[in-house]
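Report on one structure; see the data block that follows.
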Amino acid sequence: MTRQDPSSLCVHADPGQVPGATAETGPVRTARPLLRALLCLLGLLAVYLIAVCTPSGQRAENALFNDNGAKPAWIYDWSGMAYGSAALPPLDDTAMTTLAVGMAVIAVVTLVRRCWWHGCAATGVAVVTLGGTEMLSKVLLPRPDLIDAPDVLIDPSFPSGHAAIPAGLALGAVLVASPRVRPYATVAGMLWLAVAAGAVQATYQHRPSDVLGAALLACACYCLAAGLLPPAAAPGITRGPRALPAVALALSAAGALAAGAREDSVTQSLVFAAAAFLCAALFWFIAGAGTAPTARRTRPAPD
């Protein structure tokens with residue numbers, strides 16, 4: 001038997017495939033993630049134009065803020081805003097530490113599993129997501145003052161950097177995860193994103209459009225990375241339990257509601273939770289139910 005080329009250390013396959021299925025051709029496999037990346041970027045632009053660049057959009061989002069501040073938020077004690085409290089990563093001053101630890105985890109998994117292409121792609125997703133968020137919010141996508149809003153409400157905040165960190169890191173982790181671990185990594189990532197997105201809204205650090213913009217940007221980076229990875233070399237991906245999508249969405253809904261809830265307004269709580277859950281649902285659609293490739297460690301075949 002011919003020995004496998006040792007240089008081929010990491011291959012991937014479509015998680016939608018089943019053992020024995022025929023792999024898609026290169027152009028078809030590449031076009032789908034790239035099309036999804038384009039749609040995510042168009043969604044990002046649409047959210048910005050509607051929510052940030054129209055008077056009605058600004059009024060609607062500014063109406064979600066009141067004079068009570070962040071204290072009525074249920075998650076206030078874990079937001080880092082309370083005196084002496086430890087912030088839930090990546091809130092408050094834990095953002096950069098969370099990013100560094102997340103990048104280190106991706107690097108370790110890449111080294112252990114020897115999936116170099118996927119490790120590079122995962123690193124790129126995390127770095128480009130956060131870097132793109134900073135560039136867009138501070139340079140390219142300003143927040144015009146169309147309704148004479150107070151100064152505190154006209155600072156540029158679209159997309160949200162705090163939401164971009166869990167979105168980028170979690171999607172990067174999904175890329176390097178093994179086939180058996182990947183479904184559960186997706187669930188953990190979408191739950192983390194839902195909680196972070198709900199928390200930054202409930203504590204008045206970001207608007208619903210900000211967290212949606214961050215999720216759309218991260219998903220666009222993920223799809224782009226997935227489409228540019230080398231063609232699949234081996235089918236056969238282990239699927240998660242059939243009930244996993246329902247469980248994942250239920251957990252994300254509960255996390256979004258708990259993190260986005262406020263004691264002073266049911267309306268605000270529901271809006272914040274809905275936006276956070278929408279971020280998690282988008283995460284699942286792209287990473288859990290999409291057609292992105294999954295890294296799989298391979299070993300040379302015996303003679």
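Note on naming: chains are A, B, ... as they come in the structure tokens, residues start from 1 per chain, ligands start from 1 in the order shown.
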
### Message
Report as a list of chain:residue names all protein, DNA and RNA residues lying within 7 Å of A:Pro156, evaluated on only C-alpha atoms, omitting residues in the same chain fewer than 5 positions from it.
### Response
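Returned residues: A:Ser137, A:Lys138, A:Pro142, A:Arg143.
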
### Members of stretch 170-257 of chain A assigned helix (DSSP H, G or I) by DSSP, as number ranges by chain
A: 170-176, 182-202, 208-228, 244-257

### Query
Between A:Ala121, A:Ala51, A:Ala63, A:Ile165, which has the minimum distance to A:Gly227 (counting only C-alpha atoms)?
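Once distances to A:Gly227 are computed over only C-alpha atoms, the minimum belongs to A:Ala121.
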
### Task
Enter the distance from atom CA of A:Gln205 to atom CA of A:Gly43, in Å, rounded to one decimal.
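Result for atom CA of A:Gln205 versus atom CA of A:Gly43: 22.1 Å, one decimal.
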
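Summary of the local environment: counting only C-alpha atoms, residues at most 9 Å from stretch 85-90 of chain A, other than itself and those fewer than 4 positions away along its chain, are Asp77, Trp78, Ser79, Gly80, Met81, Thr94, Ala95, Met96, Thr97, Thr98, Leu99, His162, Ala163, Ile165, Pro166 and Ala196 of chain A.
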
### Message
So that I can see what lies close to A:Val271, please list as a list in words the residues with an atom at most 12 Å from it, counting only C-alpha atoms and leaving out residues fewer than 3 positions away in the same chain.
### Response
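Here the qualifying residues turn out to be Ala60, Glu61, Ala63, Leu64, Phe65, Ala197, Gly198, Gln201, Ala202, Arg207, Pro208, Ser209, Ala256, Leu257, Ala259, Gly260, Ala261, Arg262, Ser265, Val266, Thr267, Gln268, Ala274, Ala275, Ala276, Phe277 and Leu278 of chain A.
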
Take the selection from the previous step and output its residues with N, CA and C atoms, as a JSON list (two decimals), in the first residue's frame.
[["chain", "number", "residue", "atom", "x", "y", "z"],
["A", 60, "ALA", "N", -35.02, 55.31, 17.83],
["A", 60, "ALA", "CA", -35.47, 54.03, 18.37],
["A", 60, "ALA", "C", -34.44, 53.44, 19.33],
["A", 61, "GLU", "N", -33.18, 53.49, 18.96],
["A", 61, "GLU", "CA", -32.15, 52.91, 19.82],
["A", 61, "GLU", "C", -31.85, 53.79, 21.02],
["A", 63, "ALA", "N", -33.92, 55.55, 22.57],
["A", 63, "ALA", "CA", -35.05, 55.43, 23.50],
["A", 63, "ALA", "C", -34.88, 54.26, 24.45],
["A", 64, "LEU", "N", -33.93, 53.36, 24.14],
["A", 64, "LEU", "CA", -33.68, 52.22, 25.00],
["A", 64, "LEU", "C", -32.83, 52.58, 26.22],
["A", 65, "PHE", "N", -32.32, 53.81, 26.27],
["A", 65, "PHE", "CA", -31.50, 54.26, 27.39],
["A", 65, "PHE", "C", -32.33, 55.19, 28.28],
["A", 197, "ALA", "N", -23.34, 39.63, 24.50],
["A", 197, "ALA", "CA", -24.13, 40.60, 23.76],
["A", 197, "ALA", "C", -25.26, 41.16, 24.61],
["A", 198, "GLY", "N", -25.90, 40.32, 25.39],
["A", 198, "GLY", "CA", -26.96, 40.81, 26.26],
["A", 198, "GLY", "C", -26.42, 41.71, 27.36],
["A", 201, "GLN", "N", -25.49, 45.34, 26.34],
["A", 201, "GLN", "CA", -26.68, 46.16, 26.09],
["A", 201, "GLN", "C", -27.36, 46.55, 27.41],
["A", 202, "ALA", "N", -27.53, 45.57, 28.28],
["A", 202, "ALA", "CA", -28.24, 45.84, 29.54],
["A", 202, "ALA", "C", -27.49, 46.85, 30.41],
["A", 207, "ARG", "N", -25.60, 49.39, 21.85],
["A", 207, "ARG", "CA", -26.95, 49.28, 21.34],
["A", 207, "ARG", "C", -27.15, 47.92, 20.68],
["A", 208, "PRO", "N", -28.42, 47.54, 20.40],
["A", 208, "PRO", "CA", -28.67, 46.29, 19.68],
["A", 208, "PRO", "C", -27.96, 46.22, 18.32],
["A", 209, "SER", "N", -27.94, 47.33, 17.60],
["A", 209, "SER", "CA", -27.27, 47.31, 16.29],
["A", 209, "SER", "C", -25.77, 47.05, 16.42],
["A", 256, "ALA", "N", -29.33, 34.84, 26.87],
["A", 256, "ALA", "CA", -29.59, 36.19, 26.37],
["A", 256, "ALA", "C", -30.59, 36.92, 27.25],
["A", 257, "LEU", "N", -31.61, 36.19, 27.71],
["A", 257, "LEU", "CA", -32.64, 36.82, 28.55],
["A", 257, "LEU", "C", -32.07, 37.20, 29.91],
["A", 259, "ALA", "N", -28.87, 37.77, 30.70],
["A", 259, "ALA", "CA", -27.85, 38.81, 30.59],
["A", 259, "ALA", "C", -28.43, 40.15, 30.15],
["A", 260, "GLY", "N", -29.50, 40.11, 29.38],
["A", 260, "GLY", "CA", -30.08, 41.36, 28.87],
["A", 260, "GLY", "C", -31.18, 41.94, 29.73],
["A", 261, "ALA", "N", -31.53, 41.27, 30.82],
["A", 261, "ALA", "CA", -32.65, 41.71, 31.65],
["A", 261, "ALA", "C", -32.29, 42.91, 32.52],
["A", 262, "ARG", "N", -33.28, 43.77, 32.72],
["A", 262, "ARG", "CA", -33.16, 44.93, 33.61],
["A", 262, "ARG", "C", -34.38, 44.98, 34.53],
["A", 265, "SER", "N", -37.27, 47.93, 33.28],
["A", 265, "SER", "CA", -37.98, 47.99, 32.00],
["A", 265, "SER", "C", -38.09, 46.60, 31.37],
["A", 266, "VAL", "N", -39.32, 46.14, 31.22],
["A", 266, "VAL", "CA", -39.54, 44.87, 30.53],
["A", 266, "VAL", "C", -39.26, 45.02, 29.04],
["A", 267, "THR", "N", -39.63, 46.16, 28.48],
["A", 267, "THR", "CA", -39.43, 46.38, 27.05],
["A", 267, "THR", "C", -37.95, 46.35, 26.70],
["A", 268, "GLN", "N", -37.15, 47.09, 27.46],
["A", 268, "GLN", "CA", -35.71, 47.07, 27.20],
["A", 268, "GLN", "C", -35.14, 45.67, 27.35],
["A", 274, "ALA", "N", -33.59, 39.88, 22.70],
["A", 274, "ALA", "CA", -33.86, 39.48, 21.32],
["A", 274, "ALA", "C", -32.65, 39.72, 20.43],
["A", 275, "ALA", "N", -31.99, 40.86, 20.60],
["A", 275, "ALA", "CA", -30.80, 41.15, 19.80],
["A", 275, "ALA", "C", -29.67, 40.18, 20.11],
["A", 276, "ALA", "N", -29.49, 39.85, 21.40],
["A", 276, "ALA", "CA", -28.45, 38.91, 21.79],
["A", 276, "ALA", "C", -28.74, 37.52, 21.25],
["A", 277, "PHE", "N", -30.00, 37.11, 21.32],
["A", 277, "PHE", "CA", -30.37, 35.78, 20.80],
["A", 277, "PHE", "C", -30.20, 35.74, 19.28],
["A", 278, "LEU", "N", -30.49, 36.82, 18.61],
["A", 278, "LEU", "CA", -30.31, 36.86, 17.16],
["A", 278, "LEU", "C", -28.83, 36.68, 16.80]]

### Summary
One residue among A:Arg59, A:Asp155, A:Glu134, A:Val125 is nearest to A:Tyr222 when using only C-alpha atoms, and that residue is A:Val125

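Closest to A:Gly131 among A:Val200, A:Leu270, A:Leu217, A:Leu228 is A:Leu217, based on only C-alpha atoms.
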
### Spatial neighbours of A:Val174, max dist 8 Å, only C-alpha atoms, sep filter under 2 positions, as a VMD selection string
chain A and resid 170 to 172 176 to 177 182 185 to 186 287 294
